[in-house]
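Q: One file is attached below, run29.cif, containing mmCIF, C-alpha atoms.
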```
data_query
#
loop_
_atom_site.label_atom_id
_atom_site.label_comp_id
_atom_site.auth_asym_id
_atom_site.auth_seq_id
_atom_site.Cartn_x
_atom_site.Cartn_y
_atom_site.Cartn_z
CA MET A 1 -18.93 -9.87 2.80
CA ASP A 2 -21.50 -8.82 5.40
CA PHE A 3 -21.73 -5.11 6.18
CA GLY A 4 -23.25 -3.22 9.03
CA HIS A 5 -22.22 -5.29 12.05
CA ALA A 6 -22.83 -3.18 15.13
CA ASP A 7 -19.27 -3.52 16.41
CA GLU A 8 -17.81 -2.37 13.09
CA SER A 9 -20.27 0.54 12.91
CA HIS A 10 -19.31 1.66 16.39
CA PHE A 11 -15.65 1.35 15.50
CA ARG A 12 -16.21 3.45 12.36
CA GLU A 13 -17.76 6.17 14.49
CA ARG A 14 -14.78 6.05 16.82
CA VAL A 15 -12.32 6.33 13.91
CA GLN A 16 -14.26 9.26 12.46
CA ALA A 17 -14.17 11.00 15.85
CA GLU A 18 -10.40 10.52 16.12
CA LEU A 19 -9.90 11.91 12.62
CA ARG A 20 -11.96 14.97 13.59
CA SER A 21 -9.81 15.63 16.66
CA VAL A 22 -8.10 19.01 16.70
CA PRO A 23 -4.48 17.77 16.37
CA VAL A 24 -5.29 15.47 13.44
CA VAL A 25 -7.36 18.10 11.60
CA ALA A 26 -4.60 20.66 12.10
CA GLU A 27 -1.90 18.32 10.78
CA LEU A 28 -4.01 17.35 7.76
CA ALA A 29 -4.51 21.06 7.02
CA ARG A 30 -0.77 21.69 7.34
CA LEU A 31 0.03 18.96 4.85
CA ARG A 32 -2.64 20.15 2.44
CA THR A 33 -1.47 23.77 2.46
CA SER A 34 2.28 23.24 2.82
CA GLY A 35 2.99 24.00 -0.83
CA GLU A 36 5.55 21.18 -0.85
CA ARG A 37 5.42 18.59 -3.60
CA GLU A 38 5.76 15.76 -1.08
CA PRO A 39 5.41 16.97 2.52
CA ASP A 40 6.71 14.84 5.40
CA GLU A 41 3.76 12.86 6.82
CA ARG A 42 5.47 11.30 9.83
CA ASP A 43 3.99 13.68 12.41
CA LEU A 44 0.51 12.83 11.15
CA TYR A 45 1.24 9.12 11.42
CA ARG A 46 2.47 9.55 14.98
CA LEU A 47 -0.89 11.10 15.83
CA LEU A 48 -2.71 8.22 14.13
CA GLY A 49 -0.52 5.71 15.97
CA GLU A 50 -1.25 7.33 19.32
CA ARG A 51 -4.95 6.87 18.54
CA GLY A 52 -4.58 3.18 17.69
CA LEU A 53 -5.44 3.56 13.99
CA LEU A 54 -2.40 1.85 12.44
CA GLY A 55 -1.95 -1.74 13.62
CA VAL A 56 -5.67 -2.24 14.13
CA ASP A 57 -5.73 -5.99 13.41
CA TRP A 58 -2.38 -6.81 15.00
CA PRO A 59 -2.23 -8.68 18.32
CA ARG A 60 -2.14 -6.43 21.35
CA ARG A 61 1.16 -7.88 22.52
CA TYR A 62 2.77 -6.40 19.40
CA GLY A 63 1.27 -2.94 19.79
CA GLY A 64 -1.95 -3.59 17.87
CA GLN A 65 -5.60 -3.38 18.84
CA GLY A 66 -6.42 -7.07 18.48
CA ARG A 67 -9.33 -6.35 16.14
CA THR A 68 -10.38 -8.00 12.89
CA ALA A 69 -9.34 -7.40 9.28
CA ALA A 70 -12.75 -5.80 8.75
CA HIS A 71 -12.00 -3.26 11.50
CA ALA A 72 -8.63 -2.54 9.85
CA ALA A 73 -10.44 -2.00 6.53
CA VAL A 74 -12.81 0.44 8.22
CA ALA A 75 -9.84 2.42 9.57
CA VAL A 76 -8.19 2.53 6.13
CA GLU A 77 -11.42 3.70 4.49
CA GLU A 78 -11.98 6.51 6.95
CA MET A 79 -8.35 7.66 6.99
CA MET A 80 -8.18 7.93 3.21
CA ARG A 81 -11.57 9.63 3.04
CA ALA A 82 -10.25 12.17 5.54
CA GLY A 83 -7.27 12.86 3.28
CA VAL A 84 -4.55 10.82 5.01
CA PRO A 85 -1.78 9.97 2.48
CA ASP A 86 -1.57 6.19 2.42
CA THR A 87 1.92 5.19 1.19
CA LEU A 88 3.51 4.96 4.65
CA PHE A 89 0.58 2.79 5.70
CA VAL A 90 0.58 0.50 2.66
CA ASN A 91 4.35 -0.04 2.76
CA GLY A 92 5.05 0.01 6.49
CA ILE A 93 1.92 -1.44 8.07
CA GLN A 94 0.18 -3.44 5.38
CA THR A 95 3.27 -4.89 3.68
CA VAL A 96 6.34 -4.92 5.96
CA GLY A 97 4.48 -5.14 9.26
CA LYS A 98 2.13 -7.90 8.13
CA LEU A 99 5.01 -9.92 6.67
CA VAL A 100 6.98 -9.69 9.93
CA LEU A 101 3.82 -10.74 11.77
CA LEU A 102 3.43 -13.69 9.41
CA VAL A 103 6.98 -15.10 9.26
CA GLY A 104 9.17 -13.02 11.59
CA THR A 105 10.83 -14.32 14.75
CA GLU A 106 9.37 -13.46 18.12
CA GLU A 107 12.29 -11.09 18.70
CA GLN A 108 11.57 -9.30 15.41
CA LYS A 109 7.89 -8.98 16.22
CA GLN A 110 8.61 -7.52 19.65
CA ARG A 111 11.25 -5.16 18.28
CA VAL A 112 9.63 -3.97 15.05
CA LEU A 113 5.85 -4.09 15.28
CA PRO A 114 5.15 -1.88 18.34
CA GLU A 115 7.35 0.87 16.88
CA LEU A 116 5.45 0.75 13.57
CA ALA A 117 2.07 0.64 15.30
CA VAL A 118 2.61 3.89 17.19
CA GLY A 119 4.37 5.75 14.38
CA ARG A 120 7.77 5.97 16.03
CA ARG A 121 9.52 4.15 13.16
CA PHE A 122 8.65 3.69 9.50
CA ALA A 123 9.43 1.07 6.88
CA SER A 124 9.70 0.87 3.10
CA VAL A 125 10.05 -1.93 0.56
CA LEU A 126 13.34 -2.68 -1.23
CA TYR A 127 12.47 -5.21 -3.90
CA THR A 128 12.87 -3.86 -7.43
CA GLU A 129 16.24 -3.28 -9.11
CA PRO A 130 17.43 -1.54 -12.29
CA GLU A 131 16.83 -3.74 -15.36
CA VAL A 132 14.75 -6.17 -13.26
CA GLY A 133 11.29 -4.60 -13.05
CA SER A 134 8.66 -7.03 -11.80
CA ASP A 135 10.85 -10.11 -12.29
CA LEU A 136 12.37 -10.38 -8.83
CA SER A 137 13.89 -13.76 -9.68
CA ALA A 138 16.42 -11.85 -11.83
CA LEU A 139 17.70 -9.62 -9.01
CA THR A 140 21.45 -9.26 -8.51
CA THR A 141 21.78 -7.74 -5.02
CA ARG A 142 24.09 -10.06 -3.03
CA ALA A 143 24.14 -10.85 0.67
CA VAL A 144 27.36 -12.62 1.65
CA ALA A 145 27.73 -14.31 5.03
CA VAL A 146 30.33 -12.70 7.31
CA ASP A 147 31.08 -13.02 11.02
CA GLY A 148 27.85 -12.41 12.91
CA GLY A 149 25.70 -11.66 9.90
CA TYR A 150 25.79 -10.58 6.24
CA ARG A 151 27.29 -7.93 3.96
CA ILE A 152 24.83 -6.64 1.37
CA ASP A 153 25.79 -5.02 -1.94
CA GLY A 154 23.41 -3.89 -4.65
CA VAL A 155 20.99 -1.23 -5.85
CA LYS A 156 17.25 -1.01 -5.26
CA ILE A 157 15.09 1.38 -7.23
CA PHE A 158 11.53 2.72 -7.54
CA ASN A 159 11.05 2.68 -3.76
CA LEU A 160 8.59 5.10 -2.18
CA LYS A 161 9.32 7.02 1.03
CA SER A 162 12.80 5.53 1.51
CA GLY A 163 14.06 9.06 2.15
CA ILE A 164 12.13 9.27 5.43
CA THR A 165 11.80 5.65 6.54
CA ASP A 166 13.99 3.97 9.15
CA PHE A 167 14.41 0.50 7.68
CA GLY A 168 13.61 -1.40 4.54
CA LEU A 169 12.48 -4.93 3.79
CA CYS A 170 15.15 -5.99 1.31
CA VAL A 171 15.37 -9.14 -0.79
CA ALA A 172 18.89 -10.24 -1.73
CA ARG A 173 20.58 -13.30 -3.18
CA THR A 174 22.41 -15.38 -0.56
CA SER A 175 23.29 -18.27 -2.88
CA LEU A 176 24.05 -18.71 -6.58
CA GLU A 177 23.28 -22.43 -6.55
CA GLY A 178 20.09 -23.91 -7.98
CA SER A 179 17.52 -22.07 -10.06
CA ARG A 180 17.13 -18.31 -9.99
CA TYR A 181 14.12 -18.74 -7.69
CA GLU A 182 16.32 -20.31 -5.04
CA GLY A 183 18.82 -18.62 -2.76
CA LEU A 184 16.78 -15.45 -2.16
CA THR A 185 16.55 -14.14 1.40
CA LEU A 186 14.65 -11.30 3.07
CA PHE A 187 16.41 -8.85 5.40
CA LEU A 188 15.41 -5.91 7.57
CA VAL A 189 18.01 -3.28 6.65
CA ASP A 190 18.66 -0.16 8.73
CA LEU A 191 18.48 2.71 6.24
CA HIS A 192 20.67 4.86 8.50
CA ALA A 193 23.51 2.31 8.51
CA PRO A 194 26.95 3.00 6.98
CA GLY A 195 26.97 2.15 3.29
CA VAL A 196 23.33 3.06 2.64
CA HIS A 197 22.94 5.86 0.10
CA VAL A 198 19.46 7.17 -0.78
CA GLU A 199 18.67 9.58 -3.59
CA SER A 200 15.40 10.86 -5.03
CA LEU A 201 14.18 10.18 -8.56
CA ASP A 202 11.61 12.46 -10.17
CA THR A 203 8.32 11.00 -11.34
CA MET A 204 5.19 12.35 -13.03
CA ALA A 205 3.28 11.86 -9.78
CA ASP A 206 3.61 14.00 -6.66
CA GLU A 207 5.46 11.21 -4.81
CA GLN A 208 9.08 10.73 -5.79
CA PHE A 209 10.77 7.39 -6.25
CA HIS A 210 14.06 6.61 -4.53
CA ARG A 211 17.22 4.83 -5.52
CA VAL A 212 18.85 3.00 -2.61
CA GLU A 213 22.45 1.88 -3.01
CA LEU A 214 23.68 -0.73 -0.54
CA ASP A 215 27.48 -0.57 -0.49
CA GLY A 216 28.89 -3.21 1.85
CA VAL A 217 26.05 -2.73 4.35
CA ARG A 218 26.48 -4.98 7.39
CA VAL A 219 23.39 -6.55 8.95
CA PRO A 220 23.25 -9.01 11.87
CA ALA A 221 21.97 -12.55 11.48
CA THR A 222 18.86 -11.44 13.38
CA ALA A 223 17.97 -9.23 10.39
CA VAL A 224 16.96 -12.29 8.33
CA VAL A 225 13.16 -12.53 7.96
CA GLY A 226 12.04 -16.13 7.61
CA GLU A 227 14.50 -18.85 6.65
CA VAL A 228 17.67 -18.17 4.65
CA GLY A 229 17.01 -19.02 1.00
CA ASP A 230 13.20 -19.01 1.35
CA GLY A 231 12.69 -15.46 0.12
CA TRP A 232 10.87 -16.38 -3.08
CA ALA A 233 8.38 -18.65 -1.31
CA ILE A 234 7.77 -16.07 1.41
CA LEU A 235 7.17 -13.28 -1.08
CA ALA A 236 4.78 -15.48 -3.05
CA GLU A 237 2.83 -16.18 0.13
CA ALA A 238 2.93 -12.58 1.35
CA LEU A 239 1.76 -10.84 -1.83
CA PRO A 240 -1.94 -11.23 -0.95
CA LEU A 241 -1.26 -9.14 2.17
CA GLU A 242 -0.61 -6.04 0.04
CA ARG A 243 -3.13 -6.72 -2.73
CA THR A 244 -6.43 -6.17 -0.98
CA GLY A 245 -7.32 -3.40 -3.43
CA PHE A 246 -8.50 -1.00 -0.71
CA ASP A 247 -6.04 1.78 -1.51
CA PHE A 248 -6.95 1.65 -5.21
CA ALA A 249 -10.70 1.34 -4.59
CA LEU A 250 -10.63 4.38 -2.33
CA ARG A 251 -8.76 6.38 -4.96
CA ALA A 252 -11.42 5.37 -7.47
CA GLU A 253 -14.09 6.56 -5.04
CA ARG A 254 -12.39 9.90 -4.42
CA TRP A 255 -11.77 10.61 -8.10
CA PHE A 256 -15.26 9.49 -9.13
CA GLU A 257 -16.76 11.90 -6.61
CA ALA A 258 -14.50 14.66 -7.93
CA GLY A 259 -15.77 13.98 -11.44
CA CYS A 260 -19.36 14.23 -10.21
CA ARG A 261 -18.95 17.72 -8.76
CA ASP A 262 -21.12 20.40 -10.34
CA LEU A 263 -23.70 18.01 -11.75
CA ALA A 264 -25.38 20.73 -13.83
CA MET A 265 -24.37 20.40 -17.48
CA ARG A 266 -22.86 23.51 -19.04
CA ASP A 267 -24.69 22.74 -22.27
CA GLY A 268 -27.84 21.33 -20.65
CA ALA A 269 -30.02 22.51 -23.51
CA ASP A 270 -28.57 19.73 -25.64
CA PRO A 271 -29.96 16.36 -24.42
CA GLY A 272 -27.19 14.41 -26.14
CA PRO A 273 -24.28 15.52 -23.89
CA ALA A 274 -26.52 15.27 -20.81
CA ALA A 275 -27.43 11.69 -21.65
CA ASP A 276 -23.78 10.78 -22.22
CA TRP A 277 -22.85 12.41 -18.91
CA LEU A 278 -25.46 10.42 -16.97
CA ALA A 279 -24.35 7.21 -18.68
CA ASP A 280 -20.75 7.92 -17.62
CA VAL A 281 -21.86 8.54 -14.04
CA GLY A 282 -23.68 5.22 -14.02
CA ARG A 283 -20.78 3.27 -15.52
CA HIS A 284 -18.08 4.74 -13.30
CA GLY A 285 -20.29 4.72 -10.21
CA ALA A 286 -21.08 1.02 -10.62
CA ALA A 287 -17.44 0.12 -11.35
CA THR A 288 -16.22 2.11 -8.33
CA ARG A 289 -18.70 0.35 -6.07
CA ALA A 290 -17.68 -3.03 -7.51
CA ALA A 291 -14.02 -2.25 -6.72
CA ALA A 292 -14.94 -1.51 -3.10
CA LEU A 293 -16.93 -4.74 -2.82
CA LEU A 294 -14.02 -6.79 -4.17
CA ALA A 295 -11.73 -5.21 -1.58
CA TRP A 296 -14.20 -5.92 1.20
CA ARG A 297 -14.44 -9.52 0.05
CA CYS A 298 -10.69 -9.82 0.70
CA ALA A 299 -11.19 -8.48 4.21
CA GLY A 300 -13.92 -11.05 4.74
CA SER A 301 -11.71 -13.94 3.63
CA ALA A 302 -8.93 -12.73 5.97
CA ASP A 303 -11.33 -12.73 8.91
CA ARG A 304 -12.31 -16.29 8.06
CA GLY A 305 -8.65 -17.24 8.42
CA ARG A 306 -7.66 -17.50 4.73
CA LEU A 307 -5.98 -15.05 2.35
CA ASP A 308 -7.13 -16.01 -1.13
CA GLU A 309 -4.64 -15.05 -3.87
CA LEU A 310 -7.29 -15.30 -6.59
CA ARG A 311 -9.48 -12.79 -4.78
CA THR A 312 -6.66 -10.42 -3.87
CA SER A 313 -5.26 -10.45 -7.43
CA THR A 314 -8.74 -9.79 -8.82
CA ALA A 315 -9.31 -6.93 -6.38
CA LYS A 316 -5.94 -5.35 -7.13
CA TRP A 317 -6.38 -5.60 -10.91
CA TYR A 318 -9.95 -4.34 -11.03
CA ALA A 319 -9.58 -1.55 -8.46
CA SER A 320 -6.35 -0.15 -9.92
CA GLU A 321 -7.78 -0.15 -13.45
CA GLN A 322 -10.96 1.57 -12.26
CA ALA A 323 -9.01 4.17 -10.26
CA ALA A 324 -6.99 5.04 -13.36
CA ALA A 325 -10.15 5.20 -15.48
CA ALA A 326 -11.91 7.41 -12.92
CA ALA A 327 -8.98 9.84 -12.84
CA ARG A 328 -8.95 10.16 -16.63
CA TRP A 329 -12.72 10.58 -16.80
CA ALA A 330 -12.85 13.20 -14.03
CA LEU A 331 -10.16 15.36 -15.60
CA THR A 332 -11.69 15.01 -19.07
CA ARG A 333 -15.11 15.94 -17.77
CA HIS A 334 -13.98 19.09 -15.95
CA GLY A 335 -11.19 20.07 -18.34
CA MET A 336 -9.37 23.29 -17.55
CA ASP A 337 -12.50 25.05 -16.27
CA ALA A 338 -12.51 23.49 -12.79
CA PRO A 339 -11.94 25.71 -9.73
CA ASP A 340 -8.29 25.95 -8.75
CA GLU A 341 -8.37 23.48 -5.84
CA LEU A 342 -10.29 20.88 -7.87
CA ALA A 343 -8.07 21.42 -10.90
CA GLU A 344 -4.95 20.82 -8.81
CA SER A 345 -6.46 17.64 -7.32
CA LEU A 346 -7.47 16.28 -10.73
CA ASP A 347 -4.10 17.12 -12.24
CA SER A 348 -2.39 15.23 -9.42
CA ALA A 349 -4.76 12.27 -9.89
CA TYR A 350 -4.16 12.18 -13.64
CA ARG A 351 -0.39 12.07 -13.15
CA GLU A 352 -0.61 9.39 -10.48
CA ALA A 353 -3.09 7.18 -12.35
CA PRO A 354 -0.72 5.41 -14.81
CA GLY A 355 1.45 4.06 -11.98
CA LEU A 356 -1.48 2.44 -10.20
CA THR A 357 -1.69 -0.37 -12.75
CA LEU A 358 2.04 -1.05 -12.24
CA ALA A 359 2.50 -0.73 -8.46
CA GLY A 360 2.11 -3.90 -6.42
CA GLY A 361 2.02 -6.06 -9.53
CA THR A 362 1.17 -4.97 -13.06
CA SER A 363 -2.30 -5.52 -14.48
CA GLU A 364 -0.81 -8.04 -16.91
CA MET A 365 0.68 -10.03 -14.01
CA MET A 366 -2.62 -9.93 -12.14
CA LEU A 367 -4.50 -11.22 -15.17
CA GLN A 368 -1.94 -13.99 -15.61
CA THR A 369 -2.35 -14.97 -11.96
CA ILE A 370 -6.14 -14.90 -12.21
CA SER A 371 -6.21 -17.00 -15.37
CA GLY A 372 -3.80 -19.51 -13.86
CA PHE A 373 -6.05 -20.04 -10.86
CA LEU A 374 -9.19 -20.23 -12.97
CA PHE A 375 -7.69 -22.96 -15.14
CA ALA A 376 -6.10 -24.79 -12.20
CA GLY A 377 -9.08 -24.55 -9.86
CA GLU A 378 -9.94 -22.52 -6.76
CA PRO A 379 -6.86 -21.93 -4.53
CA ALA A 380 -6.96 -23.03 -0.92
CA GLY A 381 -5.62 -19.70 0.27
CA LEU A 382 -2.96 -18.60 2.76
CA ALA A 383 -3.37 -18.72 6.53
CA ALA A 384 -3.96 -15.21 7.81
CA PRO A 385 -1.78 -13.67 10.54
CA GLU A 386 -2.99 -14.37 14.05
CA VAL A 387 -5.08 -11.83 15.95
CA ASP A 388 -5.82 -11.75 19.64
#
```
Please express the file's structure as structure tokens.
A:
Amino acid sequence: MDFGHADESHFRERVQAELRSVPVVAELARLRTSGEREPDERDLYRLLGERGLLGVDWPRRYGGQGRTAAHAAVAVEEMMRAGVPDTLFVNGIQTVGKLVLLVGTEEQKQRVLPELAVGRRFASVLYTEPEVGSDLSALTTRAVAVDGGYRIDGVKIFNLKSGITDFGLCVARTSLEGSRYEGLTLFLVDLHAPGVHVESLDTMADEQFHRVELDGVRVPATAVVGEVGDGWAILAEALPLERTGFDFALRAERWFEAGCRDLAMRDGADPGPAADWLADVGRHGAATRAAALLAWRCAGSADRGRLDELRTSTAKWYASEQAAAAARWALTRHGMDAPDELAESLDSAYREAPGLTLAGGTSEMMLQTISGFLFAGEPAGLAAPEVD
């Protein structure tokens, strides 16, 4: 990946200026000092959408900026460095929005994408079910054809932000024939529709999971994303879209920097602890930089027109593992003696860290994917969404 192109540098400066604007700074401060466990971030995202920082690499006709994947990566980096919570972006823009852009109908693109790009509507992901975990081929949610559309019944769990999002990308079984990988279909489900029941589930992290029950929820035929029955193939193709590793690499960066605060050793008279401390800085600093480079390599492959599942799986695995390691190291290094604000941040990081190696595909699944490609040969990659 080449860095430092003038256009990208100028765009980075523009993004930084937008994030320093008075309304954005004020909203970031409100979220930071709200005292709520999980404050509502939608007003902040509306401000970001107004400034063109969400659908950066989407075509202009769908509300985007028509820029490259590298420009989008720049925007993500700067937003997270400024303290923007990223879940609404990862789920709504990077996952749901990109998938609609990739396989959605023209009507869906015109209806859904501009609303996401300006922060007027928000989306979440409805994949996982109780007793299913990462094995989506075992899901039991049913979508039965009825006049004009489908009736969906089932339960989705471990969803983030479903309490404040407007619609969800839901995978359901439309046929019981064939293997368990057949007969799966993707739907855009209105989360305000009759029959949708959302409840919060406590987690160790600051963000709560949600349980979404779909009780006879009616959706029109136009809610189908892609072809009926092609859900498994679409999901397999779309996974690289959400596994760039940027969100995990940026967490690793933030938590590494937190661990490096107050570089003076408390027991500096003893060269042993000081030497160990410097060795830790070197190890975690190098690993954090490597995670960022792997993520940037994914952005480079997207700009060349291919989304490489080997590279995205590698980036997701490595960056999530390093983010978790950086969180543990930072909290261990500072212990309970950190200033209050730093202690709160490290405590939050430590509680969030275990889930990073599970979200978006477990580390074990990523390693299995990587090993499969290495034994089978270099994958050709997936065609990236169009940009104009």
Q: Report the distance between CA of Gly63 in chain A and CA of Ala75 in chain A in Å, rounded to one decimal place.
A: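 For CA of Gly63 in chain A relative to CA of Ala75 in chain A, the distance reads 16.0 Å.
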Q: For Asp153 in chain A, find every residue with an atom within 8 Å (counting only C-alpha atoms), except residues of its own chain fewer than 5 positions away, and show them as an MDAnalysis selection string.
A: chainID A and resid 141:143 213:217
Q: Record the distance separating CA of Arg151 in chain A and CA of Ala238 in chain A, expressed in Å with one decimal.
A: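 Straight-line distance from CA of Arg151 in chain A to CA of Ala238 in chain A works out to 24.9 Å.
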Q: So that I can check the surroundings of Arg180 in chain A, please list as a short mmCIF file (atom, residue, chain, number, x, y, z; two decimals) with C-alpha atoms, in the frame of the given file every protein, DNA and RNA residue that reaches within 9 Å of it, counting all atoms listed in the file and ignoring chain neighbours fewer than 4 positions away.
A:
```
data_model
loop_
_atom_site.label_atom_id
_atom_site.label_comp_id
_atom_site.auth_asym_id
_atom_site.auth_seq_id
_atom_site.Cartn_x
_atom_site.Cartn_y
_atom_site.Cartn_z
CA SER A 137 13.89 -13.76 -9.68
CA ALA A 138 16.42 -11.85 -11.83
CA LEU A 139 17.70 -9.62 -9.01
CA LEU A 176 24.05 -18.71 -6.58
CA LEU A 184 16.78 -15.45 -2.16
#
```
Q: For Gln208 in chain A, work out the shell of residues within 9 Å, counting all atoms listed in the file and skipping chain neighbours fewer than 2 positions away, then give it as a ChimeraX atom specification.
A: /A:37-38,158-161,200-206,210
Q: Expand the PyMOL selection byres ((chain A and resi 261) around 12) into the individual residues it matches in the shown file, reporting them as a list in words.
A: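 Listing what the PyMOL selection byres ((chain A and resi 261) around 12) selects in the shown file: Arg254, Trp255, Phe256, Glu257, Ala258, Gly259, Cys260, Asp262, Leu263, Ala264, Met265, Val281, Ala330, Leu331, Arg333, His334, Ala338, Pro339, Leu342, Ala343 and Leu346 of chain A.
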Q: When you look at Ala324 in chain A with a cut-off of 12 Å (counting all atoms listed in the file), what residues show up, excluding the ones that are within fewer than 3 positions of it in the same chain? I need them as an MDAnalysis selection string.
A: chainID A and resid 248:256 284 287:288 317:321 327:331 346 348:358 363
Q: Could you please fill out range 134-150 of chain A with N, CA, C and O atoms and send it back as a PDB file, keeping the file's coordinate frame?
A:
```
ATOM      1  N   SER A 134       9.490  -6.163 -12.630  1.00  0.00           N
ATOM      2  CA  SER A 134       8.660  -7.030 -11.800  1.00  0.00           C
ATOM      3  C   SER A 134       9.232  -8.429 -11.633  1.00  0.00           C
ATOM      4  O   SER A 134       8.705  -9.224 -10.850  1.00  0.00           O
ATOM      5  N   ASP A 135      10.277  -8.763 -12.349  1.00  0.00           N
ATOM      6  CA  ASP A 135      10.850 -10.110 -12.290  1.00  0.00           C
ATOM      7  C   ASP A 135      11.896 -10.187 -11.192  1.00  0.00           C
ATOM      8  O   ASP A 135      13.101 -10.103 -11.432  1.00  0.00           O
ATOM      9  N   LEU A 136      11.448 -10.371  -9.952  1.00  0.00           N
ATOM     10  CA  LEU A 136      12.370 -10.380  -8.830  1.00  0.00           C
ATOM     11  C   LEU A 136      13.328 -11.568  -8.870  1.00  0.00           C
ATOM     12  O   LEU A 136      14.390 -11.529  -8.241  1.00  0.00           O
ATOM     13  N   SER A 137      12.983 -12.605  -9.606  1.00  0.00           N
ATOM     14  CA  SER A 137      13.890 -13.760  -9.680  1.00  0.00           C
ATOM     15  C   SER A 137      15.184 -13.415 -10.394  1.00  0.00           C
ATOM     16  O   SER A 137      16.157 -14.167 -10.314  1.00  0.00           O
ATOM     17  N   ALA A 138      15.217 -12.264 -11.098  1.00  0.00           N
ATOM     18  CA  ALA A 138      16.420 -11.850 -11.830  1.00  0.00           C
ATOM     19  C   ALA A 138      17.285 -10.871 -11.033  1.00  0.00           C
ATOM     20  O   ALA A 138      18.271 -10.356 -11.560  1.00  0.00           O
ATOM     21  N   LEU A 139      16.958 -10.637  -9.769  1.00  0.00           N
ATOM     22  CA  LEU A 139      17.700  -9.620  -9.010  1.00  0.00           C
ATOM     23  C   LEU A 139      19.158 -10.034  -8.798  1.00  0.00           C
ATOM     24  O   LEU A 139      19.493 -11.215  -8.772  1.00  0.00           O
ATOM     25  N   THR A 140      20.006  -9.026  -8.626  1.00  0.00           N
ATOM     26  CA  THR A 140      21.450  -9.260  -8.510  1.00  0.00           C
ATOM     27  C   THR A 140      22.038  -8.804  -7.181  1.00  0.00           C
ATOM     28  O   THR A 140      23.225  -9.019  -6.931  1.00  0.00           O
ATOM     29  N   THR A 141      21.272  -8.157  -6.323  1.00  0.00           N
ATOM     30  CA  THR A 141      21.780  -7.740  -5.020  1.00  0.00           C
ATOM     31  C   THR A 141      22.254  -8.972  -4.240  1.00  0.00           C
ATOM     32  O   THR A 141      21.532  -9.957  -4.129  1.00  0.00           O
ATOM     33  N   ARG A 142      23.485  -8.914  -3.718  1.00  0.00           N
ATOM     34  CA  ARG A 142      24.090 -10.060  -3.030  1.00  0.00           C
ATOM     35  C   ARG A 142      24.179  -9.809  -1.534  1.00  0.00           C
ATOM     36  O   ARG A 142      24.462  -8.694  -1.088  1.00  0.00           O
ATOM     37  N   ALA A 143      23.932 -10.867  -0.776  1.00  0.00           N
ATOM     38  CA  ALA A 143      24.140 -10.850   0.670  1.00  0.00           C
ATOM     39  C   ALA A 143      25.101 -11.993   0.985  1.00  0.00           C
ATOM     40  O   ALA A 143      24.764 -13.166   0.825  1.00  0.00           O
ATOM     41  N   VAL A 144      26.306 -11.631   1.398  1.00  0.00           N
ATOM     42  CA  VAL A 144      27.360 -12.620   1.650  1.00  0.00           C
ATOM     43  C   VAL A 144      27.529 -12.790   3.155  1.00  0.00           C
ATOM     44  O   VAL A 144      27.630 -11.805   3.897  1.00  0.00           O
ATOM     45  N   ALA A 145      27.582 -14.030   3.608  1.00  0.00           N
ATOM     46  CA  ALA A 145      27.730 -14.310   5.030  1.00  0.00           C
ATOM     47  C   ALA A 145      29.102 -13.841   5.523  1.00  0.00           C
ATOM     48  O   ALA A 145      30.129 -14.105   4.891  1.00  0.00           O
ATOM     49  N   VAL A 146      29.099 -13.125   6.641  1.00  0.00           N
ATOM     50  CA  VAL A 146      30.330 -12.700   7.310  1.00  0.00           C
ATOM     51  C   VAL A 146      30.138 -12.991   8.798  1.00  0.00           C
ATOM     52  O   VAL A 146      29.074 -13.440   9.224  1.00  0.00           O
ATOM     53  N   ASP A 147      31.167 -12.739   9.583  1.00  0.00           N
ATOM     54  CA  ASP A 147      31.080 -13.020  11.020  1.00  0.00           C
ATOM     55  C   ASP A 147      29.889 -12.269  11.631  1.00  0.00           C
ATOM     56  O   ASP A 147      29.809 -11.038  11.560  1.00  0.00           O
ATOM     57  N   GLY A 148      28.975 -13.008  12.204  1.00  0.00           N
ATOM     58  CA  GLY A 148      27.850 -12.410  12.910  1.00  0.00           C
ATOM     59  C   GLY A 148      26.698 -11.956  12.046  1.00  0.00           C
ATOM     60  O   GLY A 148      25.713 -11.437  12.574  1.00  0.00           O
ATOM     61  N   GLY A 149      26.797 -12.127  10.734  1.00  0.00           N
ATOM     62  CA  GLY A 149      25.700 -11.660   9.900  1.00  0.00           C
ATOM     63  C   GLY A 149      25.999 -11.712   8.422  1.00  0.00           C
ATOM     64  O   GLY A 149      26.590 -12.676   7.923  1.00  0.00           O
ATOM     65  N   TYR A 150      25.657 -10.623   7.703  1.00  0.00           N
ATOM     66  CA  TYR A 150      25.790 -10.580   6.240  1.00  0.00           C
ATOM     67  C   TYR A 150      26.270  -9.199   5.795  1.00  0.00           C
ATOM     68  O   TYR A 150      26.052  -8.189   6.481  1.00  0.00           O
TER      69      TYR A 150
END
```
